[in-house]
Each structure stands twice: as structure tokens, then as C-alpha cells.
$ cat model33.cif   # mmCIF, C-alpha atoms
data_structure
loop_
_atom_site.label_atom_id
_atom_site.label_comp_id
_atom_site.auth_asym_id
_atom_site.auth_seq_id
_atom_site.Cartn_x
_atom_site.Cartn_y
_atom_site.Cartn_z
CA MET R 1 5.29 -7.76 7.57
CA ALA R 2 8.20 -5.32 7.76
CA TYR R 3 8.33 -2.52 5.21
CA ALA R 4 10.77 -3.27 2.42
CA ILE R 5 14.11 -1.47 2.72
CA PRO R 6 16.36 -1.76 -0.34
CA ARG R 7 19.87 -3.12 0.00
CA PRO R 8 22.78 -0.75 -0.66
CA ALA R 9 23.15 0.16 -4.32
CA ILE R 10 25.82 -1.42 -6.50
CA ALA R 11 27.49 0.12 -9.51
CA LEU R 12 25.19 0.00 -12.54
CA PRO R 13 26.67 -0.67 -15.97
CA PRO R 14 26.10 2.05 -18.58
CA CYS R 15 23.79 -0.19 -20.62
CA ILE R 16 21.16 0.24 -17.89
CA THR R 17 19.20 3.36 -18.78
CA PHE R 18 16.26 5.19 -17.22
CA GLU R 19 13.36 6.41 -19.32
CA SER R 20 10.02 8.15 -18.92
CA ILE R 21 7.62 6.54 -21.37
CA ARG R 22 4.14 7.68 -22.37
CA LEU R 23 2.02 4.81 -23.60
CA ASN R 24 0.37 5.52 -26.94
CA THR R 25 -2.84 4.32 -25.33
CA LYS R 26 -2.42 6.69 -22.34
CA PRO R 27 -0.46 9.69 -23.65
CA THR R 28 -1.26 12.00 -20.73
CA ALA R 29 0.83 10.07 -18.17
CA CYS R 30 4.39 8.75 -17.91
CA LEU R 31 5.70 5.42 -16.70
CA GLU R 32 9.19 5.46 -15.19
CA CYS R 33 11.18 2.58 -16.64
CA THR R 34 14.59 0.94 -16.48
CA THR R 35 15.72 -0.63 -19.74
CA VAL R 36 18.57 -2.61 -21.22
CA GLN R 37 18.76 -3.15 -24.97
CA SER R 38 19.85 -6.55 -26.22
CA ALA R 39 23.29 -6.98 -27.75
CA GLY R 40 25.29 -9.64 -29.55
CA ASP R 41 24.34 -12.46 -31.87
CA SER R 42 23.75 -15.16 -29.28
CA PRO R 43 20.25 -16.50 -28.47
CA TYR R 44 20.21 -14.13 -25.48
CA SER R 45 19.30 -11.33 -27.86
CA ASN R 46 16.02 -13.12 -28.63
CA ILE R 47 14.80 -12.89 -25.03
CA LEU R 48 13.14 -10.05 -23.12
CA VAL R 49 13.49 -10.28 -19.34
CA VAL R 50 10.69 -8.35 -17.62
CA PHE R 51 10.79 -7.64 -13.87
CA LEU R 52 7.41 -7.25 -12.19
CA ASN R 53 6.90 -5.48 -8.86
CA GLY R 54 4.64 -6.35 -5.99
CA LEU R 55 2.55 -3.69 -4.26
CA ILE R 56 5.30 -2.52 -1.91
CA ALA R 57 8.76 -3.04 -3.40
CA PRO R 58 9.24 -0.81 -6.50
CA GLN R 59 11.50 -1.30 -9.52
CA SER R 60 14.56 -0.02 -7.63
CA PHE R 61 14.70 -3.44 -5.92
CA TRP R 62 15.41 -5.03 -9.32
CA LEU R 63 18.40 -2.83 -10.16
CA PRO R 64 20.94 -5.00 -8.27
CA ILE R 65 19.45 -8.07 -9.96
CA MET R 66 19.81 -6.52 -13.41
CA ALA R 67 23.37 -5.35 -12.76
CA LEU R 68 24.49 -8.70 -11.36
CA MET R 69 22.87 -10.60 -14.23
CA LEU R 70 24.70 -8.43 -16.76
CA ARG R 71 27.98 -8.89 -14.89
CA ARG R 72 27.51 -12.65 -14.82
CA LEU R 73 26.63 -12.85 -18.52
CA LYS R 74 29.67 -10.75 -19.38
CA ALA R 75 31.87 -13.11 -17.35
CA VAL R 76 30.44 -16.13 -19.18
CA ASP R 77 31.19 -14.51 -22.53
CA ALA R 78 34.73 -13.76 -21.41
CA ASP R 79 35.23 -17.40 -20.41
CA THR R 80 34.04 -18.61 -23.81
CA GLY R 81 35.98 -15.99 -25.74
CA SER R 82 32.85 -14.67 -27.48
CA ASP R 83 31.70 -11.09 -27.81
CA ALA R 84 29.54 -9.72 -25.00
CA SER R 85 25.88 -10.58 -25.46
CA ARG R 86 22.80 -9.89 -23.37
CA PRO R 87 19.01 -10.08 -23.45
CA GLN R 88 16.73 -7.08 -23.50
CA MET R 89 15.56 -6.13 -19.99
CA LEU R 90 12.69 -4.06 -18.68
CA ALA R 91 11.64 -2.96 -15.20
CA TYR R 92 9.11 -0.27 -14.42
CA ASP R 93 6.92 1.27 -11.74
CA ARG R 94 3.20 1.04 -12.40
CA TYR R 95 1.09 4.19 -12.28
CA GLY R 96 1.16 5.71 -8.80
CA GLN R 97 4.03 3.49 -7.65
CA GLY R 98 7.70 4.19 -6.92
CA ARG R 99 9.19 6.77 -9.28
CA THR R 100 6.00 6.89 -11.38
CA VAL R 101 4.14 9.78 -9.82
CA ASP R 102 1.47 10.00 -12.54
CA ARG R 103 -1.79 8.25 -11.81
CA ASP R 104 -3.47 5.88 -14.23
CA PRO R 105 -5.49 8.12 -16.58
CA SER R 106 -8.21 5.46 -16.76
CA ASP R 107 -8.90 5.94 -13.02
CA GLU R 108 -10.49 9.31 -13.62
CA GLY R 109 -14.15 9.35 -12.68
CA LYS R 110 -13.98 6.03 -10.81
CA GLU R 111 -14.24 5.39 -7.10
CA ASP R 112 -11.03 6.43 -5.39
CA GLY R 113 -8.76 3.45 -4.86
CA TYR R 114 -10.67 1.17 -7.24
CA GLY R 115 -9.69 2.65 -10.60
CA HIS R 116 -8.03 -0.20 -12.48
CA ASP R 117 -7.45 -3.92 -11.99
CA THR R 118 -4.73 -6.43 -12.85
CA LEU R 119 -6.08 -6.98 -16.37
CA ASP R 120 -5.68 -3.25 -17.00
CA VAL R 121 -2.09 -3.60 -15.76
CA VAL R 122 -1.54 -6.49 -18.18
CA ARG R 123 -2.79 -4.45 -21.13
CA ASP R 124 -0.57 -1.53 -20.14
CA LEU R 125 2.40 -3.88 -19.83
CA HIS R 126 1.75 -5.30 -23.29
CA GLN R 127 1.67 -1.80 -24.72
CA LEU R 128 4.87 -0.89 -22.86
CA ILE R 129 6.64 -3.96 -24.22
CA SER R 130 5.59 -3.09 -27.76
CA GLN R 131 6.92 0.47 -27.38
CA THR R 132 10.27 -0.59 -25.90
CA THR R 133 10.96 -3.31 -28.46
CA PRO R 134 13.51 -2.14 -31.06
CA ASP R 135 12.14 -1.59 -34.56
CA SER R 136 14.97 -3.78 -35.85
CA ASP R 137 13.47 -6.89 -34.22
CA THR R 138 12.10 -9.09 -36.98
CA ARG R 139 10.31 -11.53 -34.66
CA PRO R 140 8.78 -11.33 -31.17
CA LYS R 141 11.19 -11.93 -28.33
CA GLY R 142 10.39 -14.70 -25.88
CA ILE R 143 9.39 -13.10 -22.58
CA MET R 144 10.93 -14.28 -19.32
CA PHE R 145 9.20 -12.85 -16.26
CA VAL R 146 11.00 -12.37 -12.95
CA ALA R 147 8.23 -11.43 -10.54
CA ASN R 148 7.50 -10.92 -6.86
CA SER R 149 4.22 -11.00 -4.93
CA ILE R 150 1.30 -9.65 -7.00
CA GLY R 151 3.72 -9.35 -9.92
CA CYS R 152 3.49 -13.15 -10.18
CA ALA R 153 -0.27 -12.92 -10.70
CA ILE R 154 0.29 -10.25 -13.36
CA ALA R 155 2.76 -12.56 -15.11
CA ARG R 156 0.23 -15.40 -15.13
CA LEU R 157 -2.54 -13.16 -16.46
CA TYR R 158 -0.23 -11.84 -19.16
CA ALA R 159 0.50 -15.40 -20.29
CA GLU R 160 -3.23 -16.10 -20.37
CA GLN R 161 -4.08 -12.95 -22.34
CA TYR R 162 -1.19 -13.30 -24.82
CA PRO R 163 -0.75 -17.03 -25.48
CA GLY R 164 2.64 -18.13 -26.75
CA ALA R 165 4.49 -14.98 -25.69
CA VAL R 166 5.98 -16.27 -22.43
CA ALA R 167 9.09 -18.45 -22.45
CA GLY R 168 9.60 -18.64 -18.69
CA MET R 169 8.58 -17.39 -15.26
CA LEU R 170 10.63 -17.04 -12.10
CA LEU R 171 7.99 -16.58 -9.40
CA LEU R 172 9.32 -15.14 -6.13
CA ASP R 173 6.94 -15.59 -3.20
CA SER R 174 3.83 -15.17 -5.31
CA ILE R 175 0.72 -13.60 -3.91
CA MET R 176 -1.91 -16.22 -3.06
CA ALA R 177 -4.21 -14.82 -5.72
CA ASN R 178 -7.24 -16.88 -4.69
CA SER R 179 -7.10 -15.96 -1.01
CA ASP R 180 -8.78 -13.23 1.01
CA PHE R 181 -5.88 -13.53 3.51
CA VAL R 182 -8.35 -13.78 6.40
CA SER R 183 -9.76 -17.27 5.97
CA ILE R 184 -6.21 -18.64 6.24
CA PHE R 185 -6.84 -18.59 9.98
CA PRO R 186 -9.61 -20.44 11.86
CA ASP R 187 -12.64 -18.30 12.66
CA PRO R 188 -13.48 -18.43 16.38
CA ASP R 189 -17.03 -17.33 15.51
CA ASP R 190 -17.60 -20.38 13.31
CA PRO R 191 -20.19 -22.68 14.97
CA ASP R 192 -17.87 -25.64 14.35
CA PHE R 193 -14.85 -23.94 15.91
CA ASN R 194 -13.32 -26.00 18.72
CA PRO R 195 -10.93 -24.05 20.98
CA GLY R 196 -9.62 -27.33 22.35
CA SER R 197 -8.20 -28.21 18.93
CA LEU R 198 -5.80 -25.25 18.93
CA PRO R 199 -2.08 -25.80 19.48
CA THR R 200 -0.98 -24.92 22.99
CA ASP R 201 0.88 -21.80 21.84
CA ILE R 202 -2.14 -20.32 19.99
CA THR R 203 -5.12 -18.72 21.70
CA THR R 204 -8.56 -17.71 20.49
CA GLN R 205 -7.68 -14.08 21.14
CA MET R 206 -4.61 -14.39 18.90
CA LEU R 207 -6.85 -15.62 16.09
CA TYR R 208 -9.32 -12.75 16.57
CA GLU R 209 -6.51 -10.20 16.49
CA THR R 210 -4.69 -11.73 13.51
CA ARG R 211 -7.87 -11.99 11.45
CA ARG R 212 -8.71 -8.36 12.24
CA LYS R 213 -5.28 -7.08 11.22
CA PHE R 214 -5.17 -9.12 8.03
CA ARG R 215 -8.66 -7.95 7.09
CA GLU R 216 -7.57 -4.33 7.56
CA VAL R 217 -4.28 -4.62 5.64
CA PHE R 218 -4.29 -7.56 3.20
CA HIS R 219 -7.92 -8.25 2.27
CA PRO R 220 -8.44 -7.75 -1.51
CA SER R 221 -10.92 -4.95 -0.81
CA VAL R 222 -8.27 -2.86 0.97
CA LYS R 223 -7.16 0.10 -1.12
CA ASN R 224 -3.50 0.73 -1.97
CA PRO R 225 -1.53 3.85 -2.98
CA GLU R 226 -1.46 2.99 -6.70
CA GLY R 227 -5.23 2.44 -6.88
CA LEU R 228 -4.91 -1.17 -8.06
CA ASP R 229 -8.24 -2.89 -7.48
CA ARG R 230 -7.63 -6.48 -6.29
CA ARG R 231 -11.26 -7.36 -5.57
CA ASN R 232 -11.65 -9.54 -8.69
CA LEU R 233 -8.23 -11.21 -8.53
CA ALA R 234 -9.53 -14.42 -6.97
CA ALA R 235 -12.11 -14.69 -9.76
CA LEU R 236 -9.43 -14.12 -12.40
CA LEU R 237 -7.05 -16.71 -10.89
CA PRO R 238 -9.15 -19.05 -8.73
CA ASP R 239 -6.58 -21.86 -8.77
CA ALA R 240 -2.85 -22.04 -8.20
CA ASP R 241 -2.32 -24.87 -10.69
CA LYS R 242 -4.42 -23.62 -13.59
CA PRO R 243 -4.95 -22.41 -16.20
CA LEU R 244 -1.88 -24.13 -17.56
CA LEU R 245 0.55 -21.85 -19.34
CA SER R 246 0.13 -22.08 -23.09
CA PRO R 247 3.02 -23.38 -25.23
CA ARG R 248 5.40 -20.82 -26.68
CA PHE R 249 5.20 -19.73 -30.30
CA ASP R 250 7.59 -22.58 -31.13
CA GLY R 251 5.26 -25.10 -29.49
CA LYS R 252 7.49 -25.77 -26.46
CA ALA R 253 6.26 -25.49 -22.89
CA PRO R 254 7.51 -22.51 -20.88
CA PHE R 255 9.84 -22.88 -17.91
CA VAL R 256 8.47 -22.18 -14.42
CA THR R 257 10.55 -21.86 -11.26
CA VAL R 258 8.66 -21.28 -8.01
CA VAL R 259 10.49 -19.84 -5.01
CA GLY R 260 9.04 -19.44 -1.54
CA HIS R 261 10.22 -17.52 1.50
CA ASP R 262 12.09 -19.15 4.36
CA PRO R 263 9.31 -20.06 6.84
CA GLU R 264 11.30 -19.08 9.93
CA ALA R 265 12.66 -15.87 8.40
CA PHE R 266 9.16 -14.90 7.28
CA ALA R 267 7.67 -15.66 10.69
CA LYS R 268 10.31 -13.51 12.42
CA GLU R 269 9.83 -10.72 9.87
CA SER R 270 6.06 -10.83 10.40
CA LEU R 271 6.46 -10.67 14.18
CA GLN R 272 8.89 -7.74 14.04
CA GLY R 273 6.93 -5.77 11.45
CA SER R 274 3.94 -3.51 11.85
CA MET R 275 1.52 -6.47 11.83
CA GLU R 276 3.23 -8.08 14.84
CA THR R 277 1.87 -11.46 13.75
CA PRO R 278 2.64 -14.02 16.46
CA TYR R 279 5.36 -16.47 15.43
CA PRO R 280 3.25 -19.61 16.00
CA ILE R 281 0.42 -18.14 13.89
CA SER R 282 2.74 -17.78 10.88
CA MET R 283 4.30 -21.19 11.38
CA THR R 284 0.98 -23.01 11.91
CA TYR R 285 -1.27 -21.33 9.34
CA THR R 286 0.35 -18.82 6.96
CA ASN R 287 3.43 -20.78 5.93
CA PRO R 288 1.75 -24.17 5.28
CA THR R 289 -1.03 -22.47 3.27
CA TRP R 290 1.49 -20.54 1.18
CA ASN R 291 3.58 -23.65 0.57
CA ARG R 292 0.54 -25.55 -0.71
CA TYR R 293 -0.17 -22.66 -3.07
CA ASN R 294 3.42 -22.70 -4.33
CA LYS R 295 3.17 -26.42 -5.00
CA GLY R 296 0.19 -25.66 -7.23
CA LEU R 297 2.12 -22.99 -9.14
CA ALA R 298 4.79 -25.55 -9.97
CA LYS R 299 2.14 -27.47 -11.93
CA LEU R 300 1.46 -24.60 -14.36
CA THR R 301 3.77 -26.17 -16.94
CA THR R 302 4.93 -29.66 -17.90
CA PRO R 303 6.85 -31.53 -15.16
CA GLU R 304 10.18 -31.41 -16.99
CA LYS R 305 9.96 -27.61 -17.27
CA ALA R 306 9.00 -27.02 -13.62
CA SER R 307 11.24 -26.38 -10.62
CA GLY R 308 10.24 -25.90 -7.03
CA PRO R 309 8.94 -24.87 -4.74
CA ILE R 310 12.46 -23.84 -3.76
CA ILE R 311 12.93 -22.27 -0.33
CA ALA R 312 14.98 -19.06 -0.35
CA ILE R 313 17.00 -19.56 2.83
CA HIS R 314 17.05 -16.58 5.23
CA CYS R 315 14.64 -14.66 2.99
CA GLY R 316 11.33 -13.08 3.87
CA HIS R 317 8.69 -12.02 1.36
CA PHE R 318 11.00 -9.70 -0.60
CA ILE R 319 13.41 -12.32 -1.86
CA GLN R 320 14.96 -9.95 -4.42
CA ARG R 321 15.96 -7.68 -1.52
CA ASP R 322 17.13 -10.35 0.90
CA ASP R 323 19.26 -12.42 -1.49
CA PRO R 324 19.75 -10.82 -4.93
CA GLU R 325 22.61 -13.20 -5.74
CA PHE R 326 20.30 -16.19 -5.32
CA VAL R 327 17.71 -14.61 -7.62
CA VAL R 328 20.43 -13.91 -10.20
CA GLU R 329 21.56 -17.53 -10.06
CA LEU R 330 18.04 -18.83 -10.72
CA ALA R 331 17.33 -16.20 -13.39
CA CYS R 332 20.53 -16.98 -15.29
CA GLU R 333 19.83 -20.71 -15.08
CA MET R 334 16.41 -20.16 -16.62
CA LEU R 335 17.85 -17.81 -19.22
CA GLU R 336 20.37 -20.47 -20.20
CA SER R 337 17.67 -23.14 -20.39
CA ILE R 338 15.53 -20.99 -22.67
CA THR R 339 18.42 -20.16 -25.01
CA LYS R 340 19.28 -23.83 -25.42
CA GLU R 341 15.85 -24.39 -26.94
CA LEU R 342 15.94 -21.44 -29.35
#

$ encode --input "model33.cif" --output "C-alpha cells"
Amino acid sequence: MAYAIPRPAIALPPCITFESIRLNTKPTACLECTTVQSAGDSPYSNILVVFLNGLIAPQSFWLPIMALMLRRLKAVDADTGSDASRPQMLAYDRYGQGRTVDRDPSDEGKEDGYGHDTLDVVRDLHQLISQTTPDSDTRPKGIMFVANSIGCAIARLYAEQYPGAVAGMLLLDSIMANSDFVSIFPDPDDPDFNPGSLPTDITTQMLYETRRKFREVFHPSVKNPEGLDRRNLAALLPDADKPLLSPRFDGKAPFVTVVGHDPEAFAKESLQGSMETPYPISMTYTNPTWNRYNKGLAKLTTPEKASGPIIAIHCGHFIQRDDPEFVVELACEMLESITKEL
């Protein structure tokens, strides 16, 4: 997979601000955040849109999305003749990621690289949301997650830990949380392995090499710069289609939109990147497995509230980088759907 390179920056409206926030629960370290405060009297002001990073692409990849969403909402208000209104927005870099140079204080004394897990991230996120919510809010805002990669797993775990808080999720090429990323591919050392069953463009040696590379880079036991321990993720989220998302505080089911990468674009990106994954390997094994997982994610809510899997044409894994306008379109559609029910 190629390393994520952000698209050129666009002009940011002045309502987008940058803050360094110390959690009350972890006062010795700062989280670098991007925030937008809600405005206006429309239902938008009752929603908090939270952008969740993967392991590689930091919060800077969400800035074009935030700016384009605000521009689109302003245009809608102009068309209707109403005053400008907008939801609250929050993006941030987790400890040890992106602009957040501070490490997670809870990692101290633990094995290097295995300091905190996704549930710790969820608790930190909940604390961050509570500290960035205006004191003037008289009721909890409905949370709409826009997430990529492992951020999608964090969104699901947040919904599980804080039932009723989530109004919607836009899941962009979610991590396959229940996978070790090695068993996707047939094991030539398996006694039942039959080389004759392989497609003509795939060899046993290709399988050996792909499994080795994926074990070294993507296996949940592999350490990452932020020290996020993924070893228990499959136990926390063993299934794509459950647990079902709990109803919102108003009793209504949350919206879920599942978006997957373009299979051909992803296969080309994987071949050209540092992994050099052969094109037929991605097309035969990785893409079908990922698509089945995405189909499961679309069952996390009631059928009438689910959309997808939608294929993001010409996009690889970092859909927010490859087509921010498409992400904005889907995010604004979900935002509109949520407001209609408030």
C-alpha cells in the first residue's frame, strides 16, 4: 500500500480553529485538535461530526472535507434564504500521531509499542468530546462519525461503550477488525493446500511472499508509531455485522453508510506501493474478502437506515484523500437525513 500523501490544501474558513487540549484525565499530555463550533438555530446545531483517523493518514486529511462541508452547508442556507447554520465538528490526532507529539501518558511502564488499545482510545475520545462541547448545550448532541480504516473500528466500539450517543456512521474502507491480514491468503504449508487449484496467474511463491509481507506489516501484533495495541481488536469486534448499533437517545436507529475502495485502484496502489502486492493477489483474495466484510458492516443497523457497500470509484484505501468531494457528498446526505429526524 502506498504511503498516504495529502492533496493540496484548500482555503479554510475562519470557523475552523486549531487547539491543543489536555484531557482532564491525562493532564500531562496534549492532543492536537481541529474544531468547529456549531452555529444557527437549525437542527444542524444539534449534531457533532467527529472525524476519526486510521493509523497512517492523520487529521490533516480531514481538513478539505471539513472546509468543503462548511462551504456546501453555507450554499444551502443561501439558497433557502436562512441564516448560516452548521454542526459542531471535531478532528484530532491521537497520542503519538500526526501533530500530536505527546505520547499517551498511560503507556508509561508498559511494553514499548503495546501501551494502550482501542478501548483506551474510545475513553479518551469520550473525554475529548465532553471537553469540547460548549457549556451552553442543554442536551447531548447526536454524534455522526466519519471514519477511515481503524477509525471505523473505534467508531463501532464507541457506539458499543456509549449506547444511544451515535446518530450515524460514514465508514470509509474500514479495517477488517476480525482479521489477522495473513489468513486472507491460502497457506501453501497447509496439508490440504492444492497448488493445482490456484488461478493461472498466481503461484505458490507469490503466496509465500505475500503472507510474509502482510505478517510483517499488517498483522495485529505489529507495533505502530503511536503505540496502539491492536492484538485484542479481533476479540473486541469478532464480527462485521454485530453487535448491532444501539438506538439513539430518541429511540431511532442510527444511519450507517459503508464505502469501499475501488478494487482496481486498490490493486494498482498495492502493487506500486512498498508492499508490491501482485495485482492478481489483490483481485483474487484481498478485495473479495474486504467486500464481504463491508457487506456485514451494512447490517449494523436496520435495513432502511443502511447504505452500501458503495464503491468509491478511482479510490484506494484513503478515500478521503482520493476523492474528498465524494466523501463530502455522502457526509452531507447523512447529515441531512439525521436532521430530518430531529

$ residues_around --input "model33.cif" --residues "stretch 103-115 of chain R" --least-positions-apart "4" --cutoff "9 Å" --atoms "all atoms listed in the file" --output "list in words"
Lys26, Pro27, Thr28, Ala29, Cys30, Arg94, Tyr95, Gly96, Gln97, Ser221, Val222, Lys223, Asn224, Pro225, Glu226, Gly227, Leu228, Asp229, Arg230 and Arg231 of chain R

$ closest_residue --input "model33.cif" --among "R:Ala234, R:Thr301, R:Glu216, R:Pro280" --to "R:Pro247" --atoms "all atoms listed in the file"
R:Thr301

$ resolve_selection --input "model33.cif" --expression "the PyMOL selection byres ((chain R and resi 186) around 12)" --output "number ranges by chain"
R: 181-185, 187-195, 197-199, 202-211, 281, 284-286

$ write_last_selection --input "model33.cif" --atoms "C-alpha atoms" --output "PDB file, keeping the file's coordinate frame"
ATOM      1  CA  PHE R 181      -5.880 -13.530   3.510  1.00  0.00           C
ATOM      2  CA  VAL R 182      -8.350 -13.780   6.400  1.00  0.00           C
ATOM      3  CA  SER R 183      -9.760 -17.270   5.970  1.00  0.00           C
ATOM      4  CA  ILE R 184      -6.210 -18.640   6.240  1.00  0.00           C
ATOM      5  CA  PHE R 185      -6.840 -18.590   9.980  1.00  0.00           C
ATOM      6  CA  ASP R 187     -12.640 -18.300  12.660  1.00  0.00           C
ATOM      7  CA  PRO R 188     -13.480 -18.430  16.380  1.00  0.00           C
ATOM      8  CA  ASP R 189     -17.030 -17.330  15.510  1.00  0.00           C
ATOM      9  CA  ASP R 190     -17.600 -20.380  13.310  1.00  0.00           C
ATOM     10  CA  PRO R 191     -20.190 -22.680  14.970  1.00  0.00           C
ATOM     11  CA  ASP R 192     -17.870 -25.640  14.350  1.00  0.00           C
ATOM     12  CA  PHE R 193     -14.850 -23.940  15.910  1.00  0.00           C
ATOM     13  CA  ASN R 194     -13.320 -26.000  18.720  1.00  0.00           C
ATOM     14  CA  PRO R 195     -10.930 -24.050  20.980  1.00  0.00           C
ATOM     15  CA  SER R 197      -8.200 -28.210  18.930  1.00  0.00           C
ATOM     16  CA  LEU R 198      -5.800 -25.250  18.930  1.00  0.00           C
ATOM     17  CA  PRO R 199      -2.080 -25.800  19.480  1.00  0.00           C
ATOM     18  CA  ILE R 202      -2.140 -20.320  19.990  1.00  0.00           C
ATOM     19  CA  THR R 203      -5.120 -18.720  21.700  1.00  0.00           C
ATOM     20  CA  THR R 204      -8.560 -17.710  20.490  1.00  0.00           C
ATOM     21  CA  GLN R 205      -7.680 -14.080  21.140  1.00  0.00           C
ATOM     22  CA  MET R 206      -4.610 -14.390  18.900  1.00  0.00           C
ATOM     23  CA  LEU R 207      -6.850 -15.620  16.090  1.00  0.00           C
ATOM     24  CA  TYR R 208      -9.320 -12.750  16.570  1.00  0.00           C
ATOM     25  CA  GLU R 209      -6.510 -10.200  16.490  1.00  0.00           C
ATOM     26  CA  THR R 210      -4.690 -11.730  13.510  1.00  0.00           C
ATOM     27  CA  ARG R 211      -7.870 -11.990  11.450  1.00  0.00           C
ATOM     28  CA  ILE R 281       0.420 -18.140  13.890  1.00  0.00           C
ATOM     29  CA  THR R 284       0.980 -23.010  11.910  1.00  0.00           C
ATOM     30  CA  TYR R 285      -1.270 -21.330   9.340  1.00  0.00           C
ATOM     31  CA  THR R 286       0.350 -18.820   6.960  1.00  0.00           C
TER      32      THR R 286
END

$ closest_residue --input "model33.cif" --among "R:Val217, R:Ala177, R:Ile313, R:Leu335" --to "R:Pro43" --atoms "all atoms listed in the file"
R:Leu335

$ residues_around --input "model33.cif" --residues "R:Lys141" --least-positions-apart "5" --cutoff "12 Å" --atoms "all atoms listed in the file" --output "list in words"
Ser38, Pro43, Tyr44, Ser45, Asn46, Ile47, Leu48, Val49, Val50, Pro87, Gln88, Met89, Ile129, Ser130, Thr132, Thr133, Pro134, Ser136, Gly164, Ala165, Val166, Ala167, Gly168, Arg248, Phe249, Asp250, Ile338, Thr339 and Leu342 of chain R

$ resolve_selection --input "model33.cif" --expression "the PyMOL selection byres ((chain R and resi 147) around 6)" --output "ChimeraX atom specification"
/R:51-52,145-146,148,151-152,171-172

$ residues_around --input "model33.cif" --residues "R:Pro263" --least-positions-apart "5" --cutoff "8 Å" --atoms "all atoms listed in the file" --output "PDB file with C-alpha atoms, keeping the file's coordinate frame"
ATOM      1  CA  MET R 283       4.300 -21.190  11.380  1.00  0.00           C
ATOM      2  CA  ASN R 287       3.430 -20.780   5.930  1.00  0.00           C
ATOM      3  CA  GLY R 316      11.330 -13.080   3.870  1.00  0.00           C
TER       4      GLY R 316
END

$ resolve_selection --input "model33.cif" --expression "the PyMOL selection byres ((chain R and resi 7-21) around 10)" --output "ChimeraX atom specification"
/R:4-6,22-24,27,29-39,60-61,63-68,70-71,89-92,99-100,128,131-132,320-324

$ atom_distance --input "model33.cif" --atom1 "atom CA of R:Arg72" --atom2 "atom CA of R:Ala57"
24.0 Å
